[in-house]
>>> print(open('run22.cif').read())   # mmCIF, C-alpha atoms
data_start
loop_
_atom_site.label_atom_id
_atom_site.label_comp_id
_atom_site.auth_asym_id
_atom_site.auth_seq_id
_atom_site.Cartn_x
_atom_site.Cartn_y
_atom_site.Cartn_z
CA PHE K 586 -26.66 -3.44 2.64
CA PRO K 587 -23.50 -3.42 4.79
CA SER K 588 -20.20 -3.09 3.00
CA HIS K 589 -16.52 -2.79 3.85
CA ASP K 590 -14.52 -0.14 1.98
CA ILE K 591 -10.85 -1.12 1.74
CA GLY K 592 -8.18 1.38 0.69
CA GLY K 593 -4.40 1.46 0.83
CA GLU K 594 -3.71 5.16 0.30
CA ALA K 595 -4.52 7.99 2.71
CA THR K 596 -6.36 11.06 1.40
CA ASN K 597 -5.38 13.22 4.37
CA PRO K 598 -3.53 16.20 2.81
CA GLN K 599 -1.00 16.10 5.65
CA VAL K 600 0.02 12.55 4.82
CA SER K 601 2.48 11.77 2.05
CA SER K 602 0.57 8.79 0.76
CA TYR K 603 1.38 7.91 -2.86
CA LEU K 604 1.95 4.21 -3.37
CA SER K 605 2.93 2.27 -6.43
CA PRO K 606 0.26 -0.15 -7.69
CA GLU K 607 2.36 -3.04 -6.41
CA ALA K 608 2.73 -1.55 -2.92
CA GLU K 609 -0.98 -0.73 -2.78
CA CYS K 610 -1.88 -4.29 -3.75
CA GLU K 611 0.41 -5.63 -1.02
CA ARG K 612 -1.62 -3.63 1.48
CA VAL K 613 -5.17 -4.31 0.34
CA ILE K 614 -5.34 -7.69 -1.40
CA PRO K 615 -4.67 -9.84 1.71
CA VAL K 616 -7.34 -7.87 3.61
CA ILE K 617 -9.90 -8.30 0.82
CA GLU K 618 -9.15 -12.02 0.55
CA ALA K 619 -9.49 -12.51 4.31
CA ILE K 620 -12.82 -10.67 4.51
CA HIS K 621 -14.16 -12.40 1.40
CA GLN K 622 -13.29 -15.83 2.78
CA ARG K 623 -14.85 -15.23 6.21
CA PHE K 624 -17.90 -13.07 5.59
CA ASP K 625 -20.77 -12.84 3.13
CA ILE K 626 -20.51 -9.08 2.68
CA GLN K 627 -20.02 -6.55 -0.08
CA ILE K 628 -16.43 -5.33 -0.39
CA SER K 629 -15.49 -2.02 -1.98
CA ILE K 630 -11.97 -1.22 -3.20
CA ASP K 631 -11.00 2.43 -2.75
CA THR K 632 -8.45 3.04 -5.48
CA ASN K 633 -7.79 4.94 -8.69
CA LYS K 634 -5.22 2.51 -10.12
CA PRO K 635 -6.24 0.01 -12.83
CA GLN K 636 -3.95 -2.75 -11.58
CA VAL K 637 -5.34 -2.50 -8.06
CA MET K 638 -8.90 -2.55 -9.38
CA GLN K 639 -8.20 -5.73 -11.33
CA GLU K 640 -6.50 -7.60 -8.50
CA ALA K 641 -9.03 -6.44 -5.91
CA VAL K 642 -12.02 -7.64 -7.93
CA ALA K 643 -10.26 -10.95 -8.53
CA ALA K 644 -9.75 -11.22 -4.76
CA GLY K 645 -13.43 -10.64 -3.99
CA ALA K 646 -14.21 -6.92 -4.20
CA GLY K 647 -17.56 -6.21 -5.83
CA LEU K 648 -17.46 -2.43 -6.11
CA ILE K 649 -14.84 0.11 -7.22
CA ASN K 650 -14.73 3.40 -5.30
CA ASP K 651 -12.60 5.79 -7.37
CA GLN K 652 -11.94 9.23 -5.93
CA CYS K 653 -10.68 10.32 -9.35
CA ALA K 654 -13.85 9.17 -11.17
CA LEU K 655 -11.90 6.87 -13.56
CA GLN K 656 -9.80 9.71 -14.97
CA LEU K 657 -6.36 8.12 -14.55
CA PRO K 658 -4.91 6.41 -17.64
CA GLY K 659 -6.40 2.97 -18.11
CA ALA K 660 -8.89 3.23 -15.22
CA LEU K 661 -11.98 3.67 -17.38
CA GLU K 662 -11.12 0.74 -19.63
CA MET K 663 -10.28 -1.47 -16.67
CA ALA K 664 -13.50 -0.66 -14.81
CA ALA K 665 -15.55 -1.31 -17.95
CA SER K 666 -13.90 -4.69 -18.41
CA LEU K 667 -14.46 -5.75 -14.79
CA ASN K 668 -18.24 -5.20 -15.03
CA VAL K 669 -18.82 -4.28 -11.38
CA PRO K 670 -20.49 -1.18 -9.89
CA VAL K 671 -18.33 1.94 -9.71
CA CYS K 672 -18.61 5.00 -7.49
CA LEU K 673 -17.56 8.19 -9.27
CA MET K 674 -16.36 10.87 -6.87
CA HIS K 675 -15.94 14.59 -7.47
CA ARG K 676 -12.91 16.58 -6.34
CA PHE K 677 -12.08 20.25 -6.67
CA ASP K 678 -8.39 21.14 -7.05
CA PRO K 679 -7.44 22.27 -3.52
CA GLN K 680 -4.68 24.45 -4.97
CA GLN K 681 -7.11 26.59 -6.94
CA ALA K 682 -8.81 29.30 -4.92
CA SER K 683 -12.32 30.14 -6.05
CA SER K 684 -14.96 32.75 -5.39
CA ARG K 685 -17.81 30.42 -6.36
CA SER K 686 -20.98 30.37 -4.30
CA PRO K 687 -22.09 27.09 -2.65
CA GLN K 688 -24.81 26.68 -5.31
CA GLU K 689 -22.24 27.27 -8.07
CA ALA K 690 -20.05 24.62 -6.45
CA LEU K 691 -22.95 22.16 -6.41
CA ASP K 692 -23.81 22.96 -10.04
CA GLN K 693 -20.20 22.25 -11.04
CA ILE K 694 -20.26 18.98 -9.12
CA LYS K 695 -23.46 17.89 -10.87
CA GLN K 696 -22.08 18.82 -14.28
CA PHE K 697 -18.82 16.96 -13.68
CA LEU K 698 -20.53 13.81 -12.44
CA LEU K 699 -23.00 13.74 -15.34
CA GLU K 700 -20.10 14.17 -17.77
CA ARG K 701 -18.29 11.24 -16.17
CA VAL K 702 -21.49 9.17 -16.34
CA GLN K 703 -21.67 9.80 -20.07
CA VAL K 704 -18.02 8.84 -20.51
CA CYS K 705 -18.66 5.60 -18.62
CA LEU K 706 -21.74 4.76 -20.68
CA THR K 707 -19.84 5.43 -23.90
CA ALA K 708 -17.14 3.03 -22.68
CA GLY K 709 -19.79 0.31 -22.35
CA MET K 710 -20.47 0.41 -18.62
CA LEU K 711 -23.98 -0.37 -17.43
CA GLU K 712 -26.05 2.57 -16.24
CA GLU K 713 -27.20 0.59 -13.20
CA HIS K 714 -23.56 0.15 -12.16
CA LEU K 715 -22.90 3.87 -11.66
CA ILE K 716 -22.95 5.58 -8.25
CA LEU K 717 -22.31 9.29 -7.64
CA ASP K 718 -20.35 10.81 -4.75
CA PRO K 719 -20.11 14.62 -4.33
CA GLY K 720 -16.80 14.19 -2.49
CA ALA K 721 -17.49 15.69 0.90
CA GLY K 722 -14.47 17.13 2.63
CA THR K 723 -11.94 19.89 2.70
CA GLY K 724 -8.23 19.24 2.08
CA GLN K 725 -7.73 17.00 -0.94
CA PHE K 726 -11.41 17.23 -1.88
CA GLY K 727 -11.15 21.01 -2.29
CA LYS K 728 -14.43 22.11 -0.72
CA THR K 729 -14.98 24.75 1.92
CA VAL K 730 -16.92 24.11 5.10
CA ALA K 731 -19.78 26.22 3.72
CA GLU K 732 -19.81 24.21 0.48
CA ASN K 733 -19.84 20.89 2.34
CA LEU K 734 -22.76 21.98 4.49
CA PHE K 735 -24.68 23.26 1.48
CA ILE K 736 -24.10 20.05 -0.49
CA LEU K 737 -25.60 18.03 2.35
CA LYS K 738 -28.48 20.46 2.78
CA GLU K 739 -29.27 20.28 -0.95
CA LEU K 740 -28.34 16.62 -1.48
CA LYS K 741 -31.68 15.97 -3.16
CA GLN K 742 -30.39 17.96 -6.16
CA LEU K 743 -27.86 15.16 -6.68
CA VAL K 744 -30.35 12.40 -5.88
CA ASP K 745 -32.70 13.84 -8.50
CA LEU K 746 -30.09 13.17 -11.20
CA GLY K 747 -31.38 9.60 -11.12
CA TYR K 748 -28.33 7.67 -9.88
CA PRO K 749 -27.59 6.23 -6.44
CA VAL K 750 -25.72 8.78 -4.33
CA LEU K 751 -22.99 7.90 -1.84
CA VAL K 752 -21.95 10.36 0.86
CA GLY K 753 -19.13 10.24 3.39
CA TYR K 754 -19.32 12.97 6.04
CA SER K 755 -18.31 10.75 8.96
CA ARG K 756 -15.98 12.56 11.39
CA LYS K 757 -14.80 14.96 8.66
CA SER K 758 -12.96 18.15 9.61
CA MET K 759 -15.98 20.24 8.58
CA ILE K 760 -17.84 18.73 11.54
CA GLY K 761 -14.99 19.71 13.82
CA ALA K 762 -15.05 23.23 12.38
CA VAL K 763 -18.76 23.63 13.12
CA LEU K 764 -18.48 22.14 16.62
CA ASP K 765 -15.83 24.46 18.06
CA ASN K 766 -12.87 22.54 16.64
CA LYS K 767 -13.75 19.20 18.21
CA PRO K 768 -11.08 16.57 17.43
CA PHE K 769 -11.72 13.51 15.27
CA GLU K 770 -12.62 11.25 18.18
CA ASP K 771 -15.31 13.66 19.46
CA ARG K 772 -17.30 14.05 16.23
CA LEU K 773 -19.72 11.14 16.60
CA TYR K 774 -22.86 13.17 17.26
CA GLY K 775 -22.09 15.62 14.48
CA SER K 776 -21.56 12.65 12.16
CA LEU K 777 -24.90 11.12 13.13
CA ALA K 778 -26.67 14.41 12.38
CA CYS K 779 -25.16 14.24 8.89
CA VAL K 780 -26.28 10.60 8.55
CA ALA K 781 -29.86 11.54 9.38
CA ILE K 782 -29.95 14.41 6.86
CA ALA K 783 -28.34 12.27 4.16
CA ALA K 784 -30.80 9.42 4.69
CA LEU K 785 -33.82 11.73 4.69
CA SER K 786 -32.51 13.35 1.49
CA GLY K 787 -32.34 10.01 -0.34
CA ALA K 788 -28.70 8.95 -0.12
CA ALA K 789 -28.38 5.32 -1.18
CA ILE K 790 -25.04 4.60 0.50
CA ILE K 791 -23.61 6.29 3.60
CA ARG K 792 -19.95 5.73 4.43
CA VAL K 793 -19.26 5.84 8.18
CA HIS K 794 -16.78 4.92 10.89
CA ASP K 795 -19.38 4.26 13.61
CA VAL K 796 -21.47 1.41 12.24
CA GLY K 797 -23.51 0.52 15.30
CA SER K 798 -24.57 4.07 16.12
CA THR K 799 -25.37 4.76 12.49
CA ARG K 800 -27.51 1.61 12.28
CA ASP K 801 -29.51 2.77 15.30
CA VAL K 802 -30.17 6.16 13.71
CA LEU K 803 -31.27 4.59 10.43
CA ARG K 804 -33.49 2.03 12.17
CA MET K 805 -35.23 4.82 14.11
CA LEU K 806 -35.74 6.88 10.95
CA LEU K 807 -37.23 3.87 9.19
CA ALA K 808 -39.51 3.10 12.13
CA ILE K 809 -40.78 6.68 12.20
CA GLN K 810 -41.28 6.83 8.44
CA THR K 811 -43.21 3.55 8.36
CA ALA K 812 -45.27 4.12 11.52
CA GLU K 813 -49.00 3.59 11.05
CA THR K 814 -51.27 6.59 11.23
CA PHE K 815 -54.72 6.54 12.81
#
>>> encode(input="run22.cif", output="structure tokens")
Amino acid sequence: FPSHDIGGEATNPQVSSYLSPEAECERVIPVIEAIHQRFDIQISIDTNKPQVMQEAVAAGAGLINDQCALQLPGALEMAASLNVPVCLMHRFDPQQASSRSPQEALDQIKQFLLERVQVCLTAGMLEEHLILDPGAGTGQFGKTVAENLFILKELKQLVDLGYPVLVGYSRKSMIGAVLDNKPFEDRLYGSLACVAIAALSGAAIIRVHDVGSTRDVLRMLLAIQTAETF
């Protein structure tokens, strides 16, 4: 189903982005209210702050997308009380260098996400409300280009954990790195290749910038997969 993901803080490591909960609400709540009033569409709030979660859901958001996997003080309790689906995202500390292999990175991601799932269930959240995100990206997400590529290649390992998986590779710097340092605006085709692999691997939600092009790719994949054989 289509969804709008609304966030007030940048995750670009080159942007000084921290906002107070009040400032973040000033940015996102009017947008959520306007979309909710005009369109019958799922709205996701991209935040790690309990106050923003609460006000966003009250304004019409139906999903919490937390890049810190409900680890900030009060976030877990707030999400449990709001009783809406939550996406738990993994992040490596970008300041900590590591000699891990791509498979070791993926194993650590799986372990972390399953641990967070258990914490959420213990807090009273519904199992069917939990979505997993491996946290694709370099910079603040702490993954190398090789790790990002491997995670997508082996995405089924995450899908097989039994929870819906969300991925967001759209126009990421790893695509630029593979394609001879193409800038953000020239990464559409690389993004669509990632969309196709993610869909074929079982991703339940794919976060993109280019909605129309992505829809065409997914419609073609579905048509091919459901074509009659003779």
>>> closest_residue(input="run22.cif", among="K:Leu807, K:Ile620, K:Cys705, K:Ala654", to="K:Lys634", atoms="all atoms listed in the file")
K:Ala654
>>> atom_distance(input="run22.cif", atom1="atom CA of K:Glu594", atom2="atom CA of K:Glu712")
27.9 Å
>>> closest_residue(input="run22.cif", among="K:Ile716, K:Ala731, K:Ser758, K:Asp771", to="K:Ala788", atoms="all atoms listed in the file")
K:Ile716
>>> closest_residue(input="run22.cif", among="K:Leu655, K:Leu803, K:Ala643, K:Ala812", to="K:Ile791", atoms="all atoms listed in the file")
K:Leu803
>>> residues_around(input="run22.cif", residues="K:Ile626", least_positions_apart="4", cutoff="12 Å", atoms="all atoms listed in the file", output="VMD selection string")
chain K and resid 586 to 590 617 to 622 645 to 648
>>> closest_atom_pairs(input="run22.cif", of="stretch 659-773 of chain K", to="stretch 795-800 of chain K", cutoff="12 Å", atoms="all atoms listed in the file", output="JSON lines")
{"residue": "K:Gly753", "atom": "CA", "partner": "K:Asp795", "partner_atom": "CA", "distance": 11.8}
{"residue": "K:Tyr754", "atom": "CA", "partner": "K:Asp795", "partner_atom": "CA", "distance": 11.5}
{"residue": "K:Ser755", "atom": "CA", "partner": "K:Asp795", "partner_atom": "CA", "distance": 8.1}
{"residue": "K:Arg756", "atom": "CA", "partner": "K:Asp795", "partner_atom": "CA", "distance": 9.2}
{"residue": "K:Glu770", "atom": "CA", "partner": "K:Asp795", "partner_atom": "CA", "distance": 10.7}
{"residue": "K:Asp771", "atom": "CA", "partner": "K:Asp795", "partner_atom": "CA", "distance": 11.8}
{"residue": "K:Arg772", "atom": "CA", "partner": "K:Asp795", "partner_atom": "CA", "distance": 10.3}
{"residue": "K:Leu773", "atom": "CA", "partner": "K:Asp795", "partner_atom": "CA", "distance": 7.5}
>>> residues_around(input="run22.cif", residues="K:Leu698", least_positions_apart="6", cutoff="9 Å", atoms="all atoms listed in the file", output="PyMOL selection string")
chain K and resi 654+673-675+717-719
>>> closest_residue(input="run22.cif", among="K:Leu806, K:Met759, K:Ile782, K:Ala644", to="K:Gly724", atoms="all atoms listed in the file")
K:Met759
>>> atom_distance(input="run22.cif", atom1="atom CA of K:Asn733", atom2="atom CA of K:Arg804")
25.3 Å
>>> closest_residue(input="run22.cif", among="K:Ala762, K:Ala665, K:Ile614, K:Ile694", to="K:Asp631", atoms="all atoms listed in the file")
K:Ile614
>>> atom_distance(input="run22.cif", atom1="atom CA of K:Gln681", atom2="atom CA of K:Lys695")
18.9 Å
